file my_file.txt (compact mmCIF, C-alpha atoms)
# COMPACT_ATOMS: atom_id res chain seq x y z
CA MET V 568 0.85 29.83 15.82
CA ASN V 569 2.10 32.93 17.68
CA ASN V 570 4.03 36.02 16.64
CA LEU V 571 7.15 34.01 15.83
CA SER V 572 7.95 33.52 12.18
CA ILE V 573 7.56 29.78 11.58
CA ARG V 574 8.89 28.01 8.48
CA SER V 575 6.02 27.60 6.01
CA ASP V 576 6.81 23.91 5.47
CA LEU V 577 6.41 23.32 9.20
CA VAL V 578 3.10 25.19 9.37
CA GLY V 579 1.87 23.25 6.35
CA ALA V 580 3.01 19.95 7.82
CA HIS V 581 1.03 20.60 11.00
CA ASP V 582 -2.07 21.55 9.02
CA ARG V 583 -1.83 18.39 6.93
CA ALA V 584 -1.13 16.24 9.99
CA TRP V 585 -4.23 17.45 11.84
CA ALA V 586 -6.30 16.88 8.70
CA ALA V 587 -4.89 13.37 8.41
CA ILE V 588 -5.70 12.66 12.05
CA ALA V 589 -9.33 13.67 11.47
CA ALA V 590 -9.75 11.47 8.38
CA PRO V 591 -10.62 7.77 8.40
CA GLY V 592 -7.48 5.71 8.83
CA THR V 593 -6.53 2.13 8.09
CA TRP V 594 -8.12 0.49 11.14
CA LEU V 595 -9.75 3.44 12.95
CA THR V 596 -12.53 5.81 11.91
CA GLY V 597 -11.94 9.54 11.96
CA GLU V 598 -14.01 9.79 15.12
CA ARG V 599 -11.88 7.19 16.89
CA ARG V 600 -8.65 8.81 15.66
CA VAL V 601 -9.67 12.18 17.07
CA ALA V 602 -10.67 10.42 20.28
CA VAL V 603 -7.11 9.04 20.43
CA ALA V 604 -5.75 12.58 20.08
CA ALA V 605 -8.03 13.71 22.93
CA GLU V 606 -6.84 10.81 25.08
CA VAL V 607 -3.21 11.76 24.40
CA ARG V 608 -3.95 15.19 25.86
CA ARG V 609 -5.82 13.67 28.79
CA ALA V 610 -2.92 11.36 29.60
CA ARG V 611 -0.62 14.28 30.31
CA THR V 612 -2.48 15.10 33.51
CA CYS V 613 -3.52 11.58 34.50
CA ALA V 614 -2.75 10.93 38.19
CA GLN V 615 -2.28 7.20 37.59
CA CYS V 616 0.29 7.97 34.89
CA ALA V 617 2.12 10.22 37.36
CA ARG V 618 2.12 7.41 39.94
CA ILE V 619 3.49 4.95 37.38
CA LYS V 620 6.16 7.40 36.28
CA ALA V 621 7.27 7.95 39.87
CA ALA V 622 7.28 4.26 40.83
CA LEU V 623 10.39 2.09 40.76
CA SER V 624 8.48 -0.46 38.70
CA PRO V 625 5.91 0.63 36.09
CA ASN V 626 3.68 -2.33 36.90
CA ILE V 627 1.40 -0.80 39.53
CA ALA V 628 -2.34 -1.22 39.82
CA GLY V 629 -4.79 1.63 39.34
CA GLU V 630 -7.16 3.27 36.90
CA HIS V 631 -6.21 5.88 34.32
CA GLU V 632 -8.13 9.14 34.21
CA THR V 633 -9.72 9.02 30.79
CA THR V 634 -11.99 10.93 28.42
CA GLY V 635 -14.25 7.88 28.46
CA LYS V 636 -14.41 7.69 24.67
CA LEU V 637 -12.15 4.66 24.18
CA GLY V 638 -11.80 1.13 25.51
CA ALA V 639 -9.51 0.03 28.32
CA ALA V 640 -6.85 -1.41 26.01
CA GLU V 641 -6.68 1.77 23.96
CA VAL V 642 -6.47 3.90 27.11
CA GLU V 643 -3.68 1.78 28.57
CA LEU V 644 -1.74 1.93 25.29
CA ILE V 645 -2.11 5.69 24.88
CA HIS V 646 -1.40 6.61 28.49
CA ARG V 647 1.71 4.47 28.84
CA VAL V 648 3.08 5.57 25.46
CA VAL V 649 2.53 9.20 26.38
CA ALA V 650 3.64 9.16 30.01
CA ASP V 651 6.31 6.48 30.41
CA PRO V 652 7.47 5.19 27.00
CA GLY V 653 10.95 4.24 28.18
CA ARG V 654 9.63 1.47 30.44
CA LEU V 655 7.42 -0.46 28.03
CA SER V 656 8.11 -4.12 27.37
CA GLU V 657 7.19 -6.78 24.86
CA LYS V 658 5.10 -8.55 27.51
CA TRP V 659 3.20 -5.33 28.15
CA SER V 660 2.53 -4.92 24.41
CA HIS V 661 1.22 -8.50 24.25
CA ASP V 662 -1.03 -7.81 27.24
CA VAL V 663 -2.47 -4.73 25.53
CA LEU V 664 -3.16 -6.73 22.38
CA ALA V 665 -4.74 -9.53 24.40
CA ARG V 666 -7.20 -7.03 25.87
CA GLY V 667 -8.81 -6.64 22.46
CA LEU V 668 -6.71 -4.52 20.12
CA SER V 669 -5.51 -5.77 16.76
CA GLU V 670 -1.88 -5.27 15.77
CA GLY V 671 -2.98 -2.78 13.13
CA GLU V 672 -5.00 -0.77 15.64
CA TYR V 673 -2.06 -0.78 18.06
CA VAL V 674 0.36 0.55 15.44
CA GLU V 675 -2.09 3.14 14.14
CA ILE V 676 -2.70 4.44 17.68
CA VAL V 677 1.04 4.64 18.38
CA GLY V 678 1.52 6.65 15.20
CA LEU V 679 -1.27 9.03 16.18
CA ALA V 680 0.10 9.45 19.70
CA ALA V 681 3.55 10.23 18.31
CA MET V 682 2.15 12.84 15.91
CA VAL V 683 0.03 14.55 18.55
CA MET V 684 2.91 14.57 21.03
CA MET V 685 5.20 16.09 18.41
CA MET V 686 2.79 18.87 17.43
CA ASP V 687 1.57 19.71 20.91
CA THR V 688 5.12 19.74 22.24
CA PHE V 689 6.15 22.15 19.52
CA THR V 690 3.30 24.56 20.16
CA ARG V 691 4.01 24.51 23.89
CA ALA V 692 7.75 24.94 23.30
CA ILE V 693 7.29 28.07 21.22
CA GLY V 694 4.78 29.49 23.69
CA ALA V 695 1.73 29.16 21.47
CA ALA V 696 -1.73 27.96 22.43
CA GLU V 697 -2.61 24.31 21.80
CA PRO V 698 -4.94 24.14 18.78
CA PRO V 699 -8.40 22.64 19.23
CA LEU V 700 -8.80 19.10 18.00
CA PRO V 701 -10.11 18.74 14.45
CA THR V 702 -13.62 17.66 13.55
CA PRO V 703 -13.68 13.99 12.54
CA VAL V 704 -14.32 13.17 8.89
CA ALA V 705 -16.88 10.45 8.19
CA GLY V 706 -15.89 7.34 6.27
CA GLU V 707 -14.68 3.79 6.61
CA PRO V 708 -11.12 2.64 7.41
CA THR V 709 -9.33 0.90 4.53
CA ARG V 710 -8.33 -2.13 6.65
CA TYR V 711 -5.22 -2.67 4.54
CA ARG V 712 -2.57 -5.00 5.95
CA PRO V 713 0.68 -5.34 3.96
CA SER V 714 1.22 -8.88 2.72
CA GLY V 715 4.93 -8.63 3.54
CA ALA V 716 4.50 -7.73 7.21
CA ARG V 717 6.44 -10.07 9.48
CA LYS V 718 7.10 -10.20 13.20
CA LYS V 719 10.83 -10.57 13.44
CA ALA V 720 12.99 -7.68 14.61
CA ALA V 721 10.46 -5.79 16.75
CA TRP V 722 7.57 -6.53 19.11
CA LEU V 723 5.05 -5.78 16.35
CA PRO V 724 5.21 -6.90 12.72
CA LEU V 725 7.19 -4.73 10.31
CA VAL V 726 7.50 -4.58 6.54
CA GLU V 727 11.19 -4.94 5.80
CA PRO V 728 12.22 -2.98 2.69
CA GLU V 729 12.72 -6.17 0.67
CA ASP V 730 9.18 -7.34 1.55
CA ALA V 731 7.38 -4.14 0.49
CA THR V 732 4.96 -4.42 -2.42
CA ALA V 733 3.49 -1.90 -4.83
CA ALA V 734 0.15 -2.23 -3.06
CA ASP V 735 1.74 -0.81 0.12
CA GLY V 736 2.46 2.51 -1.60
CA TYR V 737 5.53 4.59 -0.75
CA LEU V 738 7.27 3.38 2.38
CA TYR V 739 11.01 4.05 2.51
CA PRO V 740 13.42 6.68 1.23
CA SER V 741 16.06 3.96 0.86
CA PRO V 742 16.34 0.17 1.08
CA LYS V 743 18.68 0.85 4.00
CA ALA V 744 16.08 2.86 5.92
CA GLY V 745 16.68 2.47 9.65
CA TYR V 746 14.35 0.64 11.97
CA ILE V 747 12.89 3.89 13.23
CA TYR V 748 11.51 4.34 9.69
CA ARG V 749 10.12 0.81 9.68
CA GLY V 750 8.35 1.09 13.03
CA LEU V 751 4.91 1.99 11.66
CA SER V 752 5.18 -0.04 8.45
CA LEU V 753 2.42 -2.46 9.43
CA VAL V 754 0.12 0.49 8.69
CA PRO V 755 1.67 2.19 5.63
CA GLN V 756 -0.61 5.23 5.73
CA SER V 757 0.36 5.87 9.35
CA LEU V 758 4.01 5.62 8.35
CA ARG V 759 3.52 8.15 5.55
CA ASP V 760 1.51 10.56 7.74
CA TYR V 761 4.07 10.37 10.53
CA TRP V 762 7.15 10.91 8.38
CA ALA V 763 5.57 13.75 6.41
CA LEU V 764 5.45 15.55 9.75
CA ALA V 765 8.68 14.27 11.31
CA ASN V 766 10.78 15.13 8.27
CA CYS V 767 9.78 18.79 8.64
CA HIS V 768 10.62 18.76 12.33
CA TYR V 769 13.96 16.93 12.14
CA MET V 770 15.20 16.33 8.59
CA PRO V 771 14.39 14.11 5.61
CA GLY V 772 16.15 10.75 5.50
CA GLU V 773 18.61 11.69 2.78
CA HIS V 774 20.16 14.28 5.12
CA VAL V 775 20.35 12.20 8.30
CA TYR V 776 23.78 10.67 7.65
CA ARG V 777 25.27 13.78 6.05
CA PHE V 778 26.83 15.04 9.25
CA ASP V 779 28.86 17.76 7.57
CA THR V 780 25.83 19.81 6.58
CA SER V 781 22.71 21.19 8.21
CA ILE V 782 19.49 22.05 6.41
CA ARG V 783 18.26 23.88 9.51
CA ALA V 784 19.07 27.26 11.02
CA ILE V 785 21.12 25.57 13.73
CA THR V 786 24.24 23.44 13.24
CA ARG V 787 24.10 19.67 13.16
CA PRO V 788 25.77 19.29 16.58
CA GLN V 789 23.17 21.72 17.96
CA VAL V 790 20.42 19.56 16.47
CA GLU V 791 21.93 16.41 17.90
CA ILE V 792 22.59 17.67 21.41
CA ILE V 793 18.89 18.48 21.69
CA ALA V 794 17.97 15.10 20.22
CA ALA V 795 20.29 13.21 22.54
CA ARG V 796 19.10 14.98 25.69
CA VAL V 797 15.40 14.64 24.86
CA SER V 798 15.82 10.95 24.06
CA ALA V 799 17.80 10.31 27.23
CA MET V 800 15.19 12.01 29.39
CA HIS V 801 12.65 9.62 27.91
CA LEU V 802 15.00 6.69 28.76
CA CYS V 803 15.01 5.81 25.07
CA ALA V 804 17.85 3.45 24.23
CA TYR V 805 17.34 3.73 20.47
CA MET C 933 24.46 10.99 15.92
CA LEU C 934 25.87 13.61 18.31
CA ARG C 935 29.25 11.91 18.32
CA GLU C 936 29.33 11.62 14.52
CA SER C 937 28.27 15.22 13.98
CA MET C 938 31.08 16.40 16.28
CA GLN C 939 33.66 14.10 14.70
CA THR C 940 32.85 15.54 11.29
CA GLN C 941 34.00 18.91 12.67
CA GLY C 942 37.13 17.37 14.14
CA ARG C 943 35.79 17.63 17.67
CA GLN C 944 34.97 15.26 20.48
CA VAL C 945 32.12 15.20 22.93
CA ASP C 946 31.93 13.49 26.29
CA LEU C 947 28.85 11.32 25.83
CA ARG C 948 28.32 11.08 29.57
CA GLY C 949 26.68 14.46 29.14
CA VAL C 950 23.71 12.81 27.45
CA THR C 951 22.56 11.40 30.78
CA GLN C 952 24.65 13.23 33.37
CA GLY C 953 24.73 16.78 32.04
CA PHE C 954 27.20 18.29 29.61
CA ASP C 955 30.43 19.94 30.66
CA PRO C 956 30.23 23.76 30.29
CA GLY C 957 33.17 23.50 27.94
CA VAL C 958 31.40 21.36 25.37
CA GLU C 959 32.30 22.75 21.96
CA ILE C 960 28.78 23.38 20.70
CA PRO C 961 27.65 27.01 20.54
CA HIS C 962 24.90 27.75 23.08
CA ALA C 963 24.91 24.16 24.30
CA ALA C 964 23.82 25.15 27.80
CA GLU C 965 20.83 27.11 26.50
CA LEU C 966 19.85 24.30 24.12
CA VAL C 967 20.00 21.66 26.83
CA GLU C 968 18.15 23.81 29.36
CA PHE C 969 15.38 24.43 26.84
CA ALA C 970 15.18 20.73 25.89
CA GLU C 971 14.94 19.67 29.53
CA ALA C 972 12.28 22.25 30.36
CA VAL C 973 10.18 21.14 27.39
CA VAL C 974 10.42 17.45 28.28
CA LEU C 975 9.48 18.18 31.90
CA ARG C 976 6.51 20.33 30.75
CA ASP C 977 7.66 22.97 33.21
CA ALA C 978 5.92 26.10 31.94
CA ALA C 979 7.91 28.63 33.95
CA ARG C 980 11.23 26.99 33.17
CA THR C 981 10.29 26.72 29.49
CA ASP C 982 9.36 30.41 29.35
CA ALA C 983 12.71 31.41 30.81
CA ALA C 984 14.66 29.00 28.61
CA ARG C 985 12.77 30.15 25.51
CA LYS C 986 13.76 33.77 26.10
CA LYS C 987 17.43 32.87 26.48
CA LEU C 988 17.46 30.61 23.46
CA LEU C 989 15.63 33.11 21.29
CA SER C 990 18.18 35.73 22.27
CA ALA C 991 21.04 33.35 21.50
CA LEU C 992 19.84 31.86 18.21
CA GLY C 993 17.34 34.29 16.74
CA GLU C 994 13.89 33.31 15.56
CA ALA C 995 14.78 30.84 12.83
CA GLY C 996 17.29 29.00 14.98
CA PHE C 997 14.96 28.93 17.95
CA VAL C 998 12.09 27.55 15.87
CA ASP C 999 14.31 24.78 14.54
CA ALA C 1000 15.52 23.96 18.05
CA ALA C 1001 11.90 23.71 19.21
CA ALA C 1002 11.02 21.59 16.18
CA VAL C 1003 13.82 19.13 16.92
CA ALA C 1004 12.93 18.89 20.60
CA ALA C 1005 9.35 18.16 19.59
CA ALA C 1006 10.38 15.65 16.92
CA PHE C 1007 12.05 13.47 19.50
CA HIS C 1008 8.86 13.37 21.53
CA GLY C 1009 7.54 11.37 18.57
CA PHE C 1010 10.56 9.24 17.67
CA VAL C 1011 11.05 7.88 21.17
CA ARG C 1012 7.42 6.77 21.40
CA ILE C 1013 7.52 4.88 18.12
CA ALA C 1014 10.82 3.21 18.99
CA ASP C 1015 9.70 2.17 22.46
CA ALA C 1016 6.08 1.21 21.75
CA ILE C 1017 6.88 -0.87 18.67
CA GLY C 1018 9.95 -2.36 20.31
CA ILE C 1019 12.37 -1.77 17.49
CA PRO C 1020 15.85 -3.09 18.29
CA TYR C 1021 17.92 -0.36 19.89
CA THR C 1022 21.09 -2.09 18.77
CA THR C 1023 20.31 -0.86 15.25
CA ALA C 1024 20.30 2.82 16.22
CA ALA C 1025 22.41 5.05 13.98
CA ARG C 1026 22.72 2.11 11.56
CA GLY C 1027 24.34 0.07 14.28
CA SER C 1028 27.09 2.58 15.00
CA ASP C 1029 25.97 2.93 18.61
CA ALA C 1030 28.33 0.19 19.70
CA PRO C 1031 28.05 -1.28 23.20
CA GLU C 1032 30.94 0.84 24.47
CA VAL C 1033 29.22 3.98 23.16
CA ARG C 1034 26.00 3.05 24.97
CA GLU C 1035 28.01 2.35 28.11
CA GLN C 1036 29.80 5.70 27.93
CA ALA C 1037 26.54 7.57 27.36
CA GLY C 1038 24.86 5.80 30.26
CA VAL C 1039 22.24 4.22 28.00
CA ASN C 1040 22.99 0.75 29.33
CA GLN C 1041 21.36 1.83 32.58
CA PHE C 1042 18.03 2.45 30.87
CA TYR C 1043 15.12 0.15 31.69
CA ARG C 1044 14.85 -1.19 28.15
CA VAL C 1045 18.47 -2.36 28.17
CA ARG C 1046 18.61 -3.60 31.76
CA TYR C 1047 15.26 -5.34 32.06
CA VAL C 1048 13.62 -5.82 28.67
CA HIS C 1049 16.41 -6.83 26.30
CA GLY C 1050 16.10 -10.50 25.44
CA GLU C 1051 12.83 -11.05 27.25
call {"tool": "encode", "arguments": {"input": "my_file.txt", "output": "structure tokens"}}
result
Amino acid sequence: MNNLSIRSDLVGAHDRAWAAIAAPGTWLTGERRVAVAAEVRRARTCAQCARIKAALSPNIAGEHETTGKLGAAEVELIHRVVADPGRLSEKWSHDVLARGLSEGEYVEIVGLAAMVMMMDTFTRAIGAAEPPLPTPVAGEPTRYRPSGARKKAAWLPLVEPEDATAADGYLYPSPKAGYIYRGLSLVPQSLRDYWALANCHYMPGEHVYRFDTSIRAITRPQVEIIAARVSAMHLCAY
Amino acid sequence: MLRESMQTQGRQVDLRGVTQGFDPGVEIPHAAELVEFAEAVVLRDAARTDAARKKLLSALGEAGFVDAAAVAAAFHGFVRIADAIGIPYTTAARGSDAPEVREQAGVNQFYRVRYVHGE
């Protein structure tokens, strides 16, 4: 990445994450997934996103500056998730879905946006150059929807641990996995791709509630003061 | 999580710092450098990030700095999943973020809590 010595597990996680982004997903082709990644990068300099972010209310009219490779619903979803995630609402999510996205597409796009934001933020933070986007891999999406997915606790359906089936594949490190783990469970492959990356950035689930130890080169309070401040600046109440 | 990690070490932290800025006396080594770096990264301020990176690298060394950057980046992903999927914030930290904790930290002033909860 640059002349810093980066943990090999982190380098490997980024390599695997970019490869996963380029491959056909559950609801999106590889080409569309890479287009989502490109739109995430475009959103960072979108003037409409800047106007929304600066406004007292996020509900202001205007057009996003886009790569032109995706539909209006996808663009709205990506730009708002990238630029102003702390002021989203359930009504807004319903409006996005009503504009022509399926719930599975919505969740898959959110997972991709979160992965790209994580990786690009890291490279920028360490002073490295942003890597070029990967070349899409041809193939068809699997279109797998878990039979146990239910809309209950969140705006989008989730698979609660007790409703997971063998067909879903690996989902949770524990039956008590927090809701942040369950967020992408409507699209199990997105959940697995996301957490394979996030666990290398933060820590695997089995370490999260072991506050007396740190598996990183900084102490646990040092980890958490960064986490708390970054979350607060995003107006994230979770 | 911050509160719990401090309590494990027999220490306290004023959670108002999460939203209002931490007291210089907070008992976390290099807290000021960590927070400055985190803020610069979130704001995508290149010059501020460059300056903060140098200070944090000097304070923590390469391995510590890389892990600090990795954590800051991780929470650019977590917040987007939480807020785009609309997972219930009352379940954060397995529900240990009680209302009084959110109030102390200033989280009850966030848009999601003030305007979206219960919609």
call {"tool": "atom_distance", "arguments": {"input": "my_file.txt", "atom1": "CA of Glu773 (chain V)", "atom2": "CA of Ile747 (chain V)"}}
result
14.2 Å
call {"tool": "residues_around", "arguments": {"input": "my_file.txt", "residues": "Ala1002 (chain C)", "least_positions_apart": "2", "cutoff": "6 Å", "atoms": "only C-alpha atoms", "output": "PyMOL selection string"}}
result
(chain V and resi 689+768) or (chain C and resi 999-1000+1004-1005)
call {"tool": "atom_distance", "arguments": {"input": "my_file.txt", "atom1": "CA of Ala665 (chain V)", "atom2": "CA of Pro703 (chain V)"}}
result
27.8 Å
call {"tool": "residues_around", "arguments": {"input": "my_file.txt", "residues": "Val1003 (chain C)", "least_positions_apart": "6", "cutoff": "9 Å", "atoms": "only C-alpha atoms", "output": "CSV table (one decimal) with C-alpha atoms, keeping the file's coordinate frame"}}
result
chain,number,residue,atom,x,y,z
V,689,PHE,CA,6.2,22.2,19.5
V,768,HIS,CA,10.6,18.8,12.3
V,769,TYR,CA,14.0,16.9,12.1
V,770,MET,CA,15.2,16.3,8.6
V,790,VAL,CA,20.4,19.6,16.5
V,791,GLU,CA,21.9,16.4,17.9
V,793,ILE,CA,18.9,18.5,21.7
V,794,ALA,CA,18.0,15.1,20.2
call {"tool": "residues_around", "arguments": {"input": "my_file.txt", "residues": "Phe1010 (chain C)", "least_positions_apart": "4", "cutoff": "12 Å", "atoms": "all atoms listed in the file", "output": "ChimeraX atom specification"}}
result
/V:648-649,652-653,677-685,746-751,758,761-762,764-766,768-769,794-795,797-798,801,803-805 /C:1003-1006,1014-1019,1024
call {"tool": "atom_distance", "arguments": {"input": "my_file.txt", "atom1": "CA of Asp977 (chain C)", "atom2": "CA of Glu697 (chain V)"}}
result
15.4 Å
call {"tool": "residues_around", "arguments": {"input": "my_file.txt", "residues": "Ala695 (chain V)", "least_positions_apart": "2", "cutoff": "10 Å", "atoms": "all atoms listed in the file", "output": "PyMOL selection string"}}
result
chain V and resi 568-571+687+689-693+697-698
call {"tool": "write_last_selection", "arguments": {"input": "my_file.txt", "atoms": "C-alpha atoms", "output": "PDB file, in the frame of the given file"}}
result
ATOM      1  CA  MET V 568       0.850  29.830  15.820  1.00  0.00           C
ATOM      2  CA  ASN V 569       2.100  32.930  17.680  1.00  0.00           C
ATOM      3  CA  ASN V 570       4.030  36.020  16.640  1.00  0.00           C
ATOM      4  CA  LEU V 571       7.150  34.010  15.830  1.00  0.00           C
ATOM      5  CA  ASP V 687       1.570  19.710  20.910  1.00  0.00           C
ATOM      6  CA  PHE V 689       6.150  22.150  19.520  1.00  0.00           C
ATOM      7  CA  THR V 690       3.300  24.560  20.160  1.00  0.00           C
ATOM      8  CA  ARG V 691       4.010  24.510  23.890  1.00  0.00           C
ATOM      9  CA  ALA V 692       7.750  24.940  23.300  1.00  0.00           C
ATOM     10  CA  ILE V 693       7.290  28.070  21.220  1.00  0.00           C
ATOM     11  CA  GLU V 697      -2.610  24.310  21.800  1.00  0.00           C
ATOM     12  CA  PRO V 698      -4.940  24.140  18.780  1.00  0.00           C
TER      13      PRO V 698
END
call {"tool": "residues_around", "arguments": {"input": "my_file.txt", "residues": "region 1039-1042 of chain C", "least_positions_apart": "4", "cutoff": "7 Å", "atoms": "all atoms listed in the file", "output": "PyMOL selection string"}}
result
(chain V and resi 802+804) or (chain C and resi 1034-1035+1046)
call {"tool": "closest_residue", "arguments": {"input": "my_file.txt", "among": "V:Ala590, V:Leu623, V:Leu637, V:Ala580", "to": "Tyr1043 (chain C)", "atoms": "all atoms listed in the file"}}
result
V:Leu623
call {"tool": "closest_residue", "arguments": {"input": "my_file.txt", "among": "C:Arg948, C:Arg980, C:Arg943, C:Arg1044", "to": "chain V", "atoms": "all atoms listed in the file"}}
result
C:Arg1044
call {"tool": "closest_residue", "arguments": {"input": "my_file.txt", "among": "V:Pro724, V:Pro788, V:Gly592, V:Pro625", "to": "chain C", "atoms": "only C-alpha atoms"}}
result
V:Pro788
call {"tool": "closest_residue", "arguments": {"input": "my_file.txt", "among": "V:Ser669, V:Thr732, V:Thr634, V:Thr709", "to": "Val601 (chain V)", "atoms": "all atoms listed in the file"}}
result
V:Thr634
call {"tool": "closest_residue", "arguments": {"input": "my_file.txt", "among": "V:Val642, V:Ile627, V:Ile588, V:Leu577", "to": "chain C", "atoms": "only C-alpha atoms"}}
result
V:Leu577
call {"tool": "residues_near_point", "arguments": {"input": "my_file.txt", "point": "(10.5, -6.5, 5.1)", "cutoff": "12 Å", "atoms": "all atoms listed in the file", "output": "PDB file with C-alpha atoms, in the frame of the given file"}}
result
ATOM      1  CA  PRO V 713       0.680  -5.340   3.960  1.00  0.00           C
ATOM      2  CA  SER V 714       1.220  -8.880   2.720  1.00  0.00           C
ATOM      3  CA  GLY V 715       4.930  -8.630   3.540  1.00  0.00           C
ATOM      4  CA  ALA V 716       4.500  -7.730   7.210  1.00  0.00           C
ATOM      5  CA  ARG V 717       6.440 -10.070   9.480  1.00  0.00           C
ATOM      6  CA  LYS V 718       7.100 -10.200  13.200  1.00  0.00           C
ATOM      7  CA  LYS V 719      10.830 -10.570  13.440  1.00  0.00           C
ATOM      8  CA  ALA V 720      12.990  -7.680  14.610  1.00  0.00           C
ATOM      9  CA  ALA V 721      10.460  -5.790  16.750  1.00  0.00           C
ATOM     10  CA  PRO V 724       5.210  -6.900  12.720  1.00  0.00           C
ATOM     11  CA  LEU V 725       7.190  -4.730  10.310  1.00  0.00           C
ATOM     12  CA  VAL V 726       7.500  -4.580   6.540  1.00  0.00           C
ATOM     13  CA  GLU V 727      11.190  -4.940   5.800  1.00  0.00           C
ATOM     14  CA  PRO V 728      12.220  -2.980   2.690  1.00  0.00           C
ATOM     15  CA  GLU V 729      12.720  -6.170   0.670  1.00  0.00           C
ATOM     16  CA  ASP V 730       9.180  -7.340   1.550  1.00  0.00           C
ATOM     17  CA  ALA V 731       7.380  -4.140   0.490  1.00  0.00           C
ATOM     18  CA  THR V 732       4.960  -4.420  -2.420  1.00  0.00           C
ATOM     19  CA  ASP V 735       1.740  -0.810   0.120  1.00  0.00           C
ATOM     20  CA  LEU V 738       7.270   3.380   2.380  1.00  0.00           C
ATOM     21  CA  TYR V 739      11.010   4.050   2.510  1.00  0.00           C
ATOM     22  CA  PRO V 742      16.340   0.170   1.080  1.00  0.00           C
ATOM     23  CA  LYS V 743      18.680   0.850   4.000  1.00  0.00           C
ATOM     24  CA  ALA V 744      16.080   2.860   5.920  1.00  0.00           C
ATOM     25  CA  GLY V 745      16.680   2.470   9.650  1.00  0.00           C
ATOM     26  CA  TYR V 746      14.350   0.640  11.970  1.00  0.00           C
ATOM     27  CA  TYR V 748      11.510   4.340   9.690  1.00  0.00           C
ATOM     28  CA  ARG V 749      10.120   0.810   9.680  1.00  0.00           C
ATOM     29  CA  GLY V 750       8.350   1.090  13.030  1.00  0.00           C
ATOM     30  CA  SER V 752       5.180  -0.040   8.450  1.00  0.00           C
ATOM     31  CA  LEU V 753       2.420  -2.460   9.430  1.00  0.00           C
TER      32      LEU V 753
END
call {"tool": "closest_residue", "arguments": {"input": "my_file.txt", "among": "C:Phe969, C:Val1045, C:Val945, C:Arg935", "to": "Pro1020 (chain C)", "atoms": "only C-alpha atoms"}}
result
C:Val1045
call {"tool": "build_atoms", "arguments": {"input": "my_file.txt", "residues": "region 1013-1024 of chain C", "atoms": "N, CA and C atoms", "output": "mmCIF file, in the frame of the given file"}}
result
data_model
loop_
_atom_site.group_PDB
_atom_site.id
_atom_site.type_symbol
_atom_site.label_atom_id
_atom_site.label_comp_id
_atom_site.auth_asym_id
_atom_site.auth_seq_id
_atom_site.Cartn_x
_atom_site.Cartn_y
_atom_site.Cartn_z
ATOM 1 N N ILE C 1013 7.604 5.944 19.130
ATOM 2 C CA ILE C 1013 7.520 4.880 18.120
ATOM 3 C C ILE C 1013 8.551 3.791 18.443
ATOM 4 N N ALA C 1014 9.767 4.195 18.706
ATOM 5 C CA ALA C 1014 10.820 3.210 18.990
ATOM 6 C C ALA C 1014 10.431 2.323 20.170
ATOM 7 N N ASP C 1015 9.929 2.924 21.238
ATOM 8 C CA ASP C 1015 9.700 2.170 22.460
ATOM 9 C C ASP C 1015 8.361 1.448 22.499
ATOM 10 N N ALA C 1016 7.375 1.902 21.760
ATOM 11 C CA ALA C 1016 6.080 1.210 21.750
ATOM 12 C C ALA C 1016 6.055 0.067 20.741
ATOM 13 N N ILE C 1017 6.823 0.191 19.676
ATOM 14 C CA ILE C 1017 6.880 -0.870 18.670
ATOM 15 C C ILE C 1017 7.971 -1.880 19.042
ATOM 16 N N GLY C 1018 8.888 -1.451 19.885
ATOM 17 C CA GLY C 1018 9.950 -2.360 20.310
ATOM 18 C C GLY C 1018 10.979 -2.622 19.234
ATOM 19 N N ILE C 1019 11.335 -1.572 18.507
ATOM 20 C CA ILE C 1019 12.370 -1.770 17.490
ATOM 21 C C ILE C 1019 13.716 -1.973 18.199
ATOM 22 N N PRO C 1020 14.590 -2.738 17.596
ATOM 23 C CA PRO C 1020 15.850 -3.090 18.290
ATOM 24 C C PRO C 1020 16.787 -1.897 18.423
ATOM 25 N N TYR C 1021 17.087 -1.543 19.676
ATOM 26 C CA TYR C 1021 17.920 -0.360 19.890
ATOM 27 C C TYR C 1021 19.350 -0.571 19.414
ATOM 28 N N THR C 1022 19.723 -1.828 19.242
ATOM 29 C CA THR C 1022 21.090 -2.090 18.770
ATOM 30 C C THR C 1022 21.284 -1.656 17.322
ATOM 31 N N THR C 1023 20.189 -1.314 16.643
ATOM 32 C CA THR C 1023 20.310 -0.860 15.250
ATOM 33 C C THR C 1023 20.339 0.655 15.145
ATOM 34 N N ALA C 1024 20.303 1.357 16.268
ATOM 35 C CA ALA C 1024 20.300 2.820 16.220
ATOM 36 C C ALA C 1024 21.522 3.335 15.478
#
